[in-house]
>>> print(open('target.cif').read())   # mmCIF, N, CA and C atoms
data_query
loop_
_atom_site.label_atom_id
_atom_site.label_comp_id
_atom_site.auth_asym_id
_atom_site.auth_seq_id
_atom_site.Cartn_x
_atom_site.Cartn_y
_atom_site.Cartn_z
N MET F 640 3.67 3.13 0.84
CA MET F 640 4.84 3.42 1.63
C MET F 640 6.11 3.05 0.88
N LEU F 641 6.05 1.98 0.11
CA LEU F 641 7.25 1.55 -0.60
C LEU F 641 7.67 2.53 -1.68
N GLU F 642 6.73 3.29 -2.21
CA GLU F 642 7.07 4.25 -3.25
C GLU F 642 7.87 5.43 -2.71
N PHE F 643 7.68 5.77 -1.44
CA PHE F 643 8.28 6.97 -0.87
C PHE F 643 9.55 6.70 -0.08
N ALA F 644 9.66 5.54 0.50
CA ALA F 644 10.84 5.23 1.32
C ALA F 644 11.88 4.51 0.47
N PRO F 645 13.13 4.72 0.76
CA PRO F 645 14.17 4.03 0.01
C PRO F 645 14.10 2.52 0.25
N PRO F 646 14.59 1.71 -0.68
CA PRO F 646 14.50 0.26 -0.55
C PRO F 646 15.49 -0.35 0.44
N TYR F 647 16.27 0.46 1.11
CA TYR F 647 17.25 -0.04 2.05
C TYR F 647 16.97 0.56 3.44
N PRO F 648 17.24 -0.18 4.50
CA PRO F 648 17.00 0.34 5.84
C PRO F 648 18.01 1.42 6.22
N SER F 649 17.51 2.54 6.66
CA SER F 649 18.40 3.61 7.10
C SER F 649 17.60 4.58 7.96
N ASP F 650 18.28 5.54 8.50
CA ASP F 650 17.62 6.56 9.32
C ASP F 650 16.74 7.47 8.48
N THR F 651 16.96 7.52 7.18
CA THR F 651 16.16 8.41 6.35
C THR F 651 14.76 7.88 6.10
N GLU F 652 14.51 6.58 6.37
CA GLU F 652 13.17 6.03 6.20
C GLU F 652 12.15 6.83 6.99
N ALA F 653 12.43 7.04 8.25
CA ALA F 653 11.48 7.76 9.10
C ALA F 653 11.32 9.20 8.62
N ASP F 654 12.41 9.80 8.18
CA ASP F 654 12.33 11.18 7.68
C ASP F 654 11.46 11.28 6.44
N VAL F 655 11.51 10.27 5.59
CA VAL F 655 10.74 10.27 4.36
C VAL F 655 9.28 9.93 4.62
N LEU F 656 9.03 8.97 5.51
CA LEU F 656 7.67 8.51 5.76
C LEU F 656 6.88 9.40 6.71
N ALA F 657 7.53 10.12 7.60
CA ALA F 657 6.83 10.92 8.60
C ALA F 657 5.86 11.93 7.98
N PRO F 658 6.25 12.71 6.99
CA PRO F 658 5.29 13.65 6.40
C PRO F 658 4.10 12.94 5.73
N LEU F 659 4.36 11.80 5.09
CA LEU F 659 3.28 11.04 4.48
C LEU F 659 2.30 10.54 5.54
N CYS F 660 2.83 10.03 6.63
CA CYS F 660 1.98 9.54 7.72
C CYS F 660 1.14 10.67 8.31
N ASP F 661 1.72 11.84 8.44
CA ASP F 661 0.95 12.99 8.93
C ASP F 661 -0.20 13.32 7.99
N GLN F 662 0.04 13.24 6.70
CA GLN F 662 -0.99 13.55 5.72
C GLN F 662 -2.14 12.56 5.75
N ILE F 663 -1.85 11.28 5.95
CA ILE F 663 -2.90 10.27 5.93
C ILE F 663 -3.43 9.94 7.32
N GLY F 664 -2.80 10.50 8.35
CA GLY F 664 -3.28 10.29 9.72
C GLY F 664 -2.94 8.93 10.29
N ASP F 665 -1.85 8.34 9.84
CA ASP F 665 -1.41 7.04 10.34
C ASP F 665 -0.15 7.22 11.16
N PRO F 666 -0.03 6.53 12.30
CA PRO F 666 1.20 6.65 13.10
C PRO F 666 2.42 6.12 12.33
N LEU F 667 3.53 6.77 12.51
CA LEU F 667 4.76 6.37 11.84
C LEU F 667 5.15 4.93 12.20
N ASP F 668 4.94 4.52 13.42
CA ASP F 668 5.30 3.16 13.83
C ASP F 668 4.54 2.12 13.00
N ASN F 669 3.26 2.38 12.73
CA ASN F 669 2.47 1.45 11.91
C ASN F 669 3.01 1.39 10.49
N ALA F 670 3.37 2.53 9.94
CA ALA F 670 3.88 2.56 8.57
C ALA F 670 5.21 1.81 8.47
N LEU F 671 6.08 2.00 9.44
CA LEU F 671 7.36 1.30 9.42
C LEU F 671 7.18 -0.21 9.60
N ALA F 672 6.22 -0.61 10.46
CA ALA F 672 5.94 -2.04 10.65
C ALA F 672 5.38 -2.64 9.37
N ALA F 673 4.47 -1.94 8.72
CA ALA F 673 3.90 -2.44 7.47
C ALA F 673 4.98 -2.56 6.40
N ARG F 674 5.87 -1.60 6.36
CA ARG F 674 6.97 -1.64 5.38
C ARG F 674 7.90 -2.81 5.66
N ARG F 675 8.21 -3.05 6.94
CA ARG F 675 9.06 -4.20 7.28
C ARG F 675 8.39 -5.50 6.84
N TYR F 676 7.06 -5.59 7.04
CA TYR F 676 6.33 -6.79 6.64
C TYR F 676 6.40 -6.99 5.12
N VAL F 677 6.18 -5.93 4.36
CA VAL F 677 6.21 -6.04 2.91
C VAL F 677 7.60 -6.43 2.41
N MET F 678 8.62 -5.87 3.01
CA MET F 678 9.98 -6.15 2.57
C MET F 678 10.43 -7.56 2.94
N SER F 679 9.97 -8.06 4.10
CA SER F 679 10.46 -9.35 4.59
C SER F 679 9.46 -10.49 4.41
N GLY F 680 8.17 -10.19 4.41
CA GLY F 680 7.15 -11.23 4.36
C GLY F 680 6.95 -11.92 5.69
N ASP F 681 7.60 -11.43 6.72
CA ASP F 681 7.54 -12.02 8.05
C ASP F 681 6.42 -11.37 8.86
N GLY F 682 5.41 -12.14 9.20
CA GLY F 682 4.26 -11.63 9.94
C GLY F 682 4.59 -11.10 11.32
N ARG F 683 5.74 -11.48 11.86
CA ARG F 683 6.13 -10.98 13.18
C ARG F 683 6.36 -9.47 13.17
N ALA F 684 6.60 -8.90 11.99
CA ALA F 684 6.81 -7.45 11.88
C ALA F 684 5.55 -6.68 12.25
N LEU F 685 4.39 -7.33 12.14
CA LEU F 685 3.13 -6.66 12.43
C LEU F 685 2.61 -6.91 13.84
N ARG F 686 3.35 -7.66 14.61
CA ARG F 686 2.91 -7.97 15.97
C ARG F 686 2.72 -6.68 16.77
N ASP F 687 1.61 -6.59 17.48
CA ASP F 687 1.24 -5.43 18.31
C ASP F 687 1.02 -4.17 17.49
N THR F 688 0.65 -4.32 16.23
CA THR F 688 0.39 -3.17 15.36
C THR F 688 -1.05 -3.21 14.89
N LEU F 689 -1.74 -2.09 15.01
CA LEU F 689 -3.11 -1.99 14.52
C LEU F 689 -3.08 -1.34 13.15
N LEU F 690 -3.45 -2.09 12.13
CA LEU F 690 -3.48 -1.56 10.78
C LEU F 690 -4.90 -1.42 10.30
#
>>> encode(input="target.cif", output="structure tokens")
Amino acid sequence: MLEFAPPYPSDTEADVLAPLCDQIGDPLDNALAARRYVMSGDGRALRDTLL
């Protein structure tokens, strides 16, 4: 996910990740939560997310 989304938070993140999520069959919300976790290291980003 980090390779495809820009390194800064913006509205374009979802636009960039949505097609990738469709291809791999993963919900966009999970991908964004995983990306937040990787960027911050804060486990709270994954709360209520099934990965």
>>> residues_around(input="target.cif", residues="Ala684 (chain F)", least_positions_apart="5", cutoff="6.5 Å", atoms="all atoms listed in the file", output="PyMOL selection string")
chain F and resi 672-673+675-676
>>> atom_distance(input="target.cif", atom1="atom C of Asp668 (chain F)", atom2="atom C of Leu685 (chain F)")
9.3 Å
>>> atom_distance(input="target.cif", atom1="atom N of Gly680 (chain F)", atom2="atom C of Gln662 (chain F)")
25.0 Å
>>> residues_near_point(input="target.cif", point="(2.6, 3.5, 5.0)", cutoff="8 Å", atoms="only N, CA and C atoms", output="mmCIF file with N, CA and C atoms, in the frame of the given file")
data_model
loop_
_atom_site.group_PDB
_atom_site.id
_atom_site.type_symbol
_atom_site.label_atom_id
_atom_site.label_comp_id
_atom_site.auth_asym_id
_atom_site.auth_seq_id
_atom_site.Cartn_x
_atom_site.Cartn_y
_atom_site.Cartn_z
ATOM 1 N N MET F 640 3.670 3.130 0.840
ATOM 2 C CA MET F 640 4.840 3.420 1.630
ATOM 3 C C MET F 640 6.110 3.050 0.880
ATOM 4 N N LEU F 641 6.050 1.980 0.110
ATOM 5 C CA LEU F 641 7.250 1.550 -0.600
ATOM 6 C C LEU F 641 7.670 2.530 -1.680
ATOM 7 N N LEU F 656 9.030 8.970 5.510
ATOM 8 C CA LEU F 656 7.670 8.510 5.760
ATOM 9 C C LEU F 656 6.880 9.400 6.710
ATOM 10 N N LEU F 659 4.360 11.800 5.090
ATOM 11 C CA LEU F 659 3.280 11.040 4.480
ATOM 12 C C LEU F 659 2.300 10.540 5.540
ATOM 13 N N CYS F 660 2.830 10.030 6.630
ATOM 14 C CA CYS F 660 1.980 9.540 7.720
ATOM 15 C C CYS F 660 1.140 10.670 8.310
ATOM 16 N N ASP F 665 -1.850 8.340 9.840
ATOM 17 C CA ASP F 665 -1.410 7.040 10.340
ATOM 18 C C ASP F 665 -0.150 7.220 11.160
ATOM 19 N N PRO F 666 -0.030 6.530 12.300
ATOM 20 C CA PRO F 666 1.200 6.650 13.100
ATOM 21 C C PRO F 666 2.420 6.120 12.330
ATOM 22 N N LEU F 667 3.530 6.770 12.510
ATOM 23 C CA LEU F 667 4.760 6.370 11.840
ATOM 24 C C LEU F 667 5.150 4.930 12.200
ATOM 25 N N ASN F 669 3.260 2.380 12.730
ATOM 26 C CA ASN F 669 2.470 1.450 11.910
ATOM 27 C C ASN F 669 3.010 1.390 10.490
ATOM 28 N N ALA F 670 3.370 2.530 9.940
ATOM 29 C CA ALA F 670 3.880 2.560 8.570
ATOM 30 C C ALA F 670 5.210 1.810 8.470
ATOM 31 N N LEU F 671 6.080 2.000 9.440
ATOM 32 C CA LEU F 671 7.360 1.300 9.420
ATOM 33 C C LEU F 671 7.180 -0.210 9.600
ATOM 34 N N ALA F 672 6.220 -0.610 10.460
ATOM 35 C CA ALA F 672 5.940 -2.040 10.650
ATOM 36 C C ALA F 672 5.380 -2.640 9.370
ATOM 37 N N ALA F 673 4.470 -1.940 8.720
ATOM 38 C CA ALA F 673 3.900 -2.440 7.470
ATOM 39 C C ALA F 673 4.980 -2.560 6.400
ATOM 40 N N ARG F 674 5.870 -1.600 6.360
ATOM 41 C CA ARG F 674 6.970 -1.640 5.380
ATOM 42 C C ARG F 674 7.900 -2.810 5.660
#
>>> atom_distance(input="target.cif", atom1="atom C of Ser679 (chain F)", atom2="atom N of Ala653 (chain F)")
18.2 Å
